[in-house]
Amino acid sequence: MRQHKLALCALHYLEWVPEQVERTIHRYRMFTQQDRLLVAVSGGKDSLSLWDILNRLGYTADGLYISLGIDEGIQYSQNSLFFAQSFAETRHLHLHVVDIKKQYGETIPELAGRTHRGHYKPCSVCGITKRHVMNRVTREHGYSVLVTGHNLDDEAAILFGNTMNWISKYLLHQAPVLEANKPGLVRKTKPLCRMYEREMAAYALLAQIDYIQDECPFAQGSTSIYHKEVLNKMETDRPGTKLNFYLSFLQAKQNGLFSPLVDDKAAQVHACPQCGQPTSAPGLCVFCRMVAGSGNPISLHEDEP
Ligand code: Q46
Ligand code: ZN
């Protein structure tokens, strides 16, 4: 780890990573051993490694896999479900599986086909759907905290994109912990937010975690991947760049840099009459409107809390 000026053997590396994650959990007061955690798993290295680490650290953590129905070509969803289920079975862990097509009638690509006449990639539909399902399952099953596997590279790329465009409302909401500060909203945490993607790949390899190596086909050519490449170049020349970028942002936030910004949506939030989740949209939430009216074009404008 050039940024830490540290090199470890395999044995010590497998101890070092969980120690770092435990420190992050404590530093940001994410949760305690008394919490019931739900880990969102995609079948990829970060989320499966996180689930493995939480169990090694003695936390009570079940998994949630959301089957998106992205199965043309490389059968991404089917393959990633296989890795998530194999991981859970071999370790005797409980995995909730939500199949979007079975539950809501259409796959993500089908839902996206009705969006803006199909001109857009499915990622906005996918993001809304995943946020909705994660929040719903966490609430319905009484978990106290939702845990996601976003690593430092993800967080730095999101921050970079939001900074390039000065999207203040997103900057305001980017944090290792998102509090359940609206009725119906669950607490969300990111215990890998200080871990490099490369470090998590090494952990998965050494811990012998089998995971899906393919990216979602819709991720190709995305702006966030481009931002990751830019940040990787900077990191190669100046080790620690990503960590410094992210931690300086968190420090600036703590120092009140963003406090003049007001969460203007917070005051207008109400419970969706159909699903009960908080929404700032008038009437039904954007998710309920999206899955309703099969065959009709969908227009996505609002940002849900
Ligand atoms: S899964 Fe969904 Fe990602 Fe695929 S469709 Fe886009 S958002 S790229 S994390
Ligand atoms: Zn709703």
# chains A, B, ... in the order shown; residues from 1 in each chain; ligands from 1
$ residues_around --residues "A:Ala84" --least-positions-apart "6" --cutoff "7 Å" --atoms "only C-alpha atoms" --output "PDB file with N, CA, C and O atoms, in the first residue's frame"
ATOM      1  N   VAL A  41     -25.525  -6.906  -1.345  1.00  0.00           N
ATOM      2  CA  VAL A  41     -24.464  -7.598  -2.081  1.00  0.00           C
ATOM      3  C   VAL A  41     -24.817  -7.699  -3.567  1.00  0.00           C
ATOM      4  O   VAL A  41     -25.944  -7.989  -3.924  1.00  0.00           O
ATOM      5  N   SER A  42     -23.793  -7.443  -4.381  1.00  0.00           N
ATOM      6  CA  SER A  42     -24.004  -7.488  -5.833  1.00  0.00           C
ATOM      7  C   SER A  42     -23.389  -8.736  -6.441  1.00  0.00           C
ATOM      8  O   SER A  42     -23.560  -8.986  -7.628  1.00  0.00           O
ATOM      9  N   GLY A  43     -22.641  -9.497  -5.637  1.00  0.00           N
ATOM     10  CA  GLY A  43     -21.885 -10.629  -6.177  1.00  0.00           C
ATOM     11  C   GLY A  43     -20.466 -10.215  -6.546  1.00  0.00           C
ATOM     12  O   GLY A  43     -19.661 -11.041  -6.967  1.00  0.00           O
TER      13      GLY A  43
END
$ closest_atom_pairs --of "chain A" --to "ligand 2" --cutoff "6 Å" --atoms "only C-alpha atoms and all ligand atoms" --output "Markdown table"
| residue | atom | partner | partner_atom_place_in_ligand_line | distance |
| --- | --- | --- | --- | --- |
| A:Cys272 | CA | ligand 2 | 1 (Zn) | 4.6 |
| A:Gln274 | CA | ligand 2 | 1 (Zn) | 5.0 |
| A:Cys275 | CA | ligand 2 | 1 (Zn) | 4.1 |
| A:Gln277 | CA | ligand 2 | 1 (Zn) | 5.8 |
| A:Leu284 | CA | ligand 2 | 1 (Zn) | 5.3 |
| A:Cys285 | CA | ligand 2 | 1 (Zn) | 4.2 |
| A:Phe287 | CA | ligand 2 | 1 (Zn) | 5.7 |
| A:Cys288 | CA | ligand 2 | 1 (Zn) | 4.3 |
$ write_last_selection --atoms "all heavy atoms" --output "mmCIF file, in the first residue's frame"
data_model
loop_
_atom_site.group_PDB
_atom_site.id
_atom_site.type_symbol
_atom_site.label_atom_id
_atom_site.label_comp_id
_atom_site.auth_asym_id
_atom_site.auth_seq_id
_atom_site.Cartn_x
_atom_site.Cartn_y
_atom_site.Cartn_z
ATOM 1 N N CYS A 272 -45.103 8.265 0.584
ATOM 2 C CA CYS A 272 -45.778 7.879 -0.656
ATOM 3 C C CYS A 272 -47.052 7.113 -0.282
ATOM 4 O O CYS A 272 -46.990 6.167 0.505
ATOM 5 C CB CYS A 272 -44.854 7.013 -1.502
ATOM 6 S SG CYS A 272 -45.678 6.174 -2.865
ATOM 7 N N GLN A 274 -48.625 4.914 -1.745
ATOM 8 C CA GLN A 274 -48.627 3.515 -2.175
ATOM 9 C C GLN A 274 -47.639 2.652 -1.396
ATOM 10 O O GLN A 274 -47.998 1.621 -0.864
ATOM 11 C CB GLN A 274 -48.322 3.431 -3.661
ATOM 12 C CG GLN A 274 -48.528 2.030 -4.212
ATOM 13 C CD GLN A 274 -48.921 2.090 -5.674
ATOM 14 O OE1 GLN A 274 -49.826 2.827 -6.066
ATOM 15 N NE2 GLN A 274 -48.202 1.349 -6.483
ATOM 16 N N CYS A 275 -46.385 3.088 -1.312
ATOM 17 C CA CYS A 275 -45.364 2.226 -0.694
ATOM 18 C C CYS A 275 -44.967 2.719 0.700
ATOM 19 O O CYS A 275 -44.286 2.008 1.429
ATOM 20 C CB CYS A 275 -44.128 2.121 -1.582
ATOM 21 S SG CYS A 275 -43.193 3.652 -1.679
ATOM 22 N N GLN A 277 -42.840 4.966 1.504
ATOM 23 C CA GLN A 277 -41.477 5.498 1.624
ATOM 24 C C GLN A 277 -41.479 7.012 1.411
ATOM 25 O O GLN A 277 -42.354 7.544 0.714
ATOM 26 C CB GLN A 277 -40.565 4.812 0.609
ATOM 27 C CG GLN A 277 -40.487 3.322 0.854
ATOM 28 C CD GLN A 277 -39.152 2.739 0.417
ATOM 29 O OE1 GLN A 277 -38.132 3.415 0.419
ATOM 30 N NE2 GLN A 277 -39.159 1.473 0.069
ATOM 31 N N LEU A 284 -47.581 10.054 -5.707
ATOM 32 C CA LEU A 284 -46.770 8.835 -5.610
ATOM 33 C C LEU A 284 -45.286 9.144 -5.754
ATOM 34 O O LEU A 284 -44.898 10.099 -6.431
ATOM 35 C CB LEU A 284 -47.164 7.858 -6.729
ATOM 36 C CG LEU A 284 -48.574 7.257 -6.724
ATOM 37 C CD1 LEU A 284 -48.729 6.286 -7.896
ATOM 38 C CD2 LEU A 284 -48.865 6.534 -5.417
ATOM 39 N N CYS A 285 -44.463 8.287 -5.128
ATOM 40 C CA CYS A 285 -43.014 8.466 -5.268
ATOM 41 C C CYS A 285 -42.593 8.104 -6.694
ATOM 42 O O CYS A 285 -43.341 7.448 -7.424
ATOM 43 C CB CYS A 285 -42.260 7.619 -4.247
ATOM 44 S SG CYS A 285 -42.234 5.863 -4.620
ATOM 45 N N PHE A 287 -40.530 5.940 -7.764
ATOM 46 C CA PHE A 287 -40.453 4.494 -8.007
ATOM 47 C C PHE A 287 -41.836 3.931 -8.329
ATOM 48 O O PHE A 287 -42.006 3.189 -9.296
ATOM 49 C CB PHE A 287 -39.842 3.759 -6.810
ATOM 50 C CG PHE A 287 -39.827 2.268 -6.991
ATOM 51 C CD1 PHE A 287 -38.869 1.664 -7.798
ATOM 52 C CD2 PHE A 287 -40.795 1.468 -6.405
ATOM 53 C CE1 PHE A 287 -38.877 0.291 -8.009
ATOM 54 C CE2 PHE A 287 -40.808 0.092 -6.608
ATOM 55 C CZ PHE A 287 -39.838 -0.499 -7.409
ATOM 56 N N CYS A 288 -42.833 4.275 -7.522
ATOM 57 C CA CYS A 288 -44.189 3.750 -7.739
ATOM 58 C C CYS A 288 -44.743 4.214 -9.085
ATOM 59 O O CYS A 288 -45.409 3.461 -9.783
ATOM 60 C CB CYS A 288 -45.114 4.151 -6.600
ATOM 61 S SG CYS A 288 -44.767 3.229 -5.090
#
$ residues_around --residues "stretch 18-28 of chain A" --least-positions-apart "5" --cutoff "10 Å" --atoms "only C-alpha atoms" --output "JSON list (two decimals) with N, CA and C atoms, in the first residue's frame"
[["chain", "number", "residue", "atom", "x", "y", "z"],
["A", 13, "TYR", "N", -1.94, -9.32, 5.92],
["A", 13, "TYR", "CA", -2.87, -8.51, 5.13],
["A", 13, "TYR", "C", -4.32, -8.87, 5.48],
["A", 49, "SER", "N", -16.65, -9.18, 0.03],
["A", 49, "SER", "CA", -15.55, -9.04, 1.00],
["A", 49, "SER", "C", -16.04, -8.34, 2.26],
["A", 50, "LEU", "N", -16.89, -7.31, 2.07],
["A", 50, "LEU", "CA", -17.43, -6.59, 3.23],
["A", 50, "LEU", "C", -18.25, -7.53, 4.10],
["A", 52, "ASP", "N", -17.95, -10.73, 4.34],
["A", 52, "ASP", "CA", -16.98, -11.63, 4.97],
["A", 52, "ASP", "C", -16.32, -10.94, 6.18],
["A", 53, "ILE", "N", -15.90, -9.70, 5.99],
["A", 53, "ILE", "CA", -15.20, -8.96, 7.05],
["A", 53, "ILE", "C", -16.14, -8.72, 8.25],
["A", 54, "LEU", "N", -17.38, -8.33, 7.97],
["A", 54, "LEU", "CA", -18.32, -8.07, 9.07],
["A", 54, "LEU", "C", -18.54, -9.33, 9.90],
["A", 55, "ASN", "N", -18.59, -10.47, 9.22],
["A", 55, "ASN", "CA", -18.76, -11.73, 9.96],
["A", 55, "ASN", "C", -17.51, -12.08, 10.75],
["A", 56, "ARG", "N", -16.35, -11.85, 10.15],
["A", 56, "ARG", "CA", -15.10, -12.10, 10.89],
["A", 56, "ARG", "C", -15.02, -11.23, 12.13],
["A", 57, "LEU", "N", -15.55, -10.01, 12.02],
["A", 57, "LEU", "CA", -15.49, -9.07, 13.15],
["A", 57, "LEU", "C", -16.60, -9.34, 14.18],
["A", 175, "ALA", "N", -21.53, 11.08, 2.37],
["A", 175, "ALA", "CA", -20.92, 10.88, 3.69],
["A", 175, "ALA", "C", -20.80, 9.39, 3.99],
["A", 176, "PRO", "N", -19.90, 9.00, 4.91],
["A", 176, "PRO", "CA", -19.80, 7.57, 5.27],
["A", 176, "PRO", "C", -21.06, 7.04, 5.95],
["A", 177, "VAL", "N", -21.82, 7.95, 6.59],
["A", 177, "VAL", "CA", -23.07, 7.55, 7.24],
["A", 177, "VAL", "C", -24.19, 8.49, 6.78],
["A", 189, "THR", "N", -24.77, 3.02, 5.76],
["A", 189, "THR", "CA", -23.35, 3.20, 6.09],
["A", 189, "THR", "C", -22.46, 2.57, 5.04],
["A", 190, "LYS", "N", -21.22, 3.09, 4.96],
["A", 190, "LYS", "CA", -20.26, 2.59, 3.96],
["A", 190, "LYS", "C", -18.92, 2.27, 4.63],
["A", 191, "PRO", "N", -18.79, 1.09, 5.24],
["A", 191, "PRO", "CA", -17.57, 0.80, 6.00],
["A", 191, "PRO", "C", -16.29, 0.67, 5.16],
["A", 192, "LEU", "N", -16.41, 0.55, 3.82],
["A", 192, "LEU", "CA", -15.20, 0.43, 2.98],
["A", 192, "LEU", "C", -14.79, 1.77, 2.39],
["A", 193, "CYS", "N", -15.38, 2.88, 2.88],
["A", 193, "CYS", "CA", -15.15, 4.17, 2.22],
["A", 193, "CYS", "C", -13.70, 4.64, 2.27],
["A", 194, "ARG", "N", -12.88, 4.04, 3.14],
["A", 194, "ARG", "CA", -11.46, 4.43, 3.18],
["A", 194, "ARG", "C", -10.56, 3.37, 2.57],
["A", 195, "MET", "N", -11.15, 2.33, 1.99],
["A", 195, "MET", "CA", -10.36, 1.24, 1.41],
["A", 195, "MET", "C", -10.29, 1.38, -0.12],
["A", 203, "TYR", "N", -7.78, -8.35, -1.10],
["A", 203, "TYR", "CA", -8.41, -9.05, 0.04],
["A", 203, "TYR", "C", -9.24, -10.23, -0.46]]
$ residues_around --residues "A:Pro122" --least-positions-apart "6" --cutoff "8 Å" --atoms "only C-alpha atoms" --output "list of chain:residue names"
A:Ile108, A:Pro109, A:Leu111, A:Ala112, A:Gly113, A:Phe218
$ closest_atom_pairs --of "chain A" --to "ligand 1" --cutoff "7 Å" --atoms "only C-alpha atoms and all ligand atoms" --output "Markdown table"
| residue | atom | partner | partner_atom_place_in_ligand_line | distance |
| --- | --- | --- | --- | --- |
| A:Pro122 | CA | ligand 1 | 5 (S) | 5.1 |
| A:Cys123 | CA | ligand 1 | 6 (Fe) | 3.5 |
| A:Ser124 | CA | ligand 1 | 7 (S) | 6.7 |
| A:Cys126 | CA | ligand 1 | 2 (Fe) | 4.6 |
| A:Gly127 | CA | ligand 1 | 7 (S) | 5.4 |
| A:Cys216 | CA | ligand 1 | 4 (Fe) | 4.5 |
| A:Pro217 | CA | ligand 1 | 4 (Fe) | 6.4 |
| A:Phe218 | CA | ligand 1 | 8 (S) | 4.6 |
| A:Ala219 | CA | ligand 1 | 8 (S) | 3.9 |
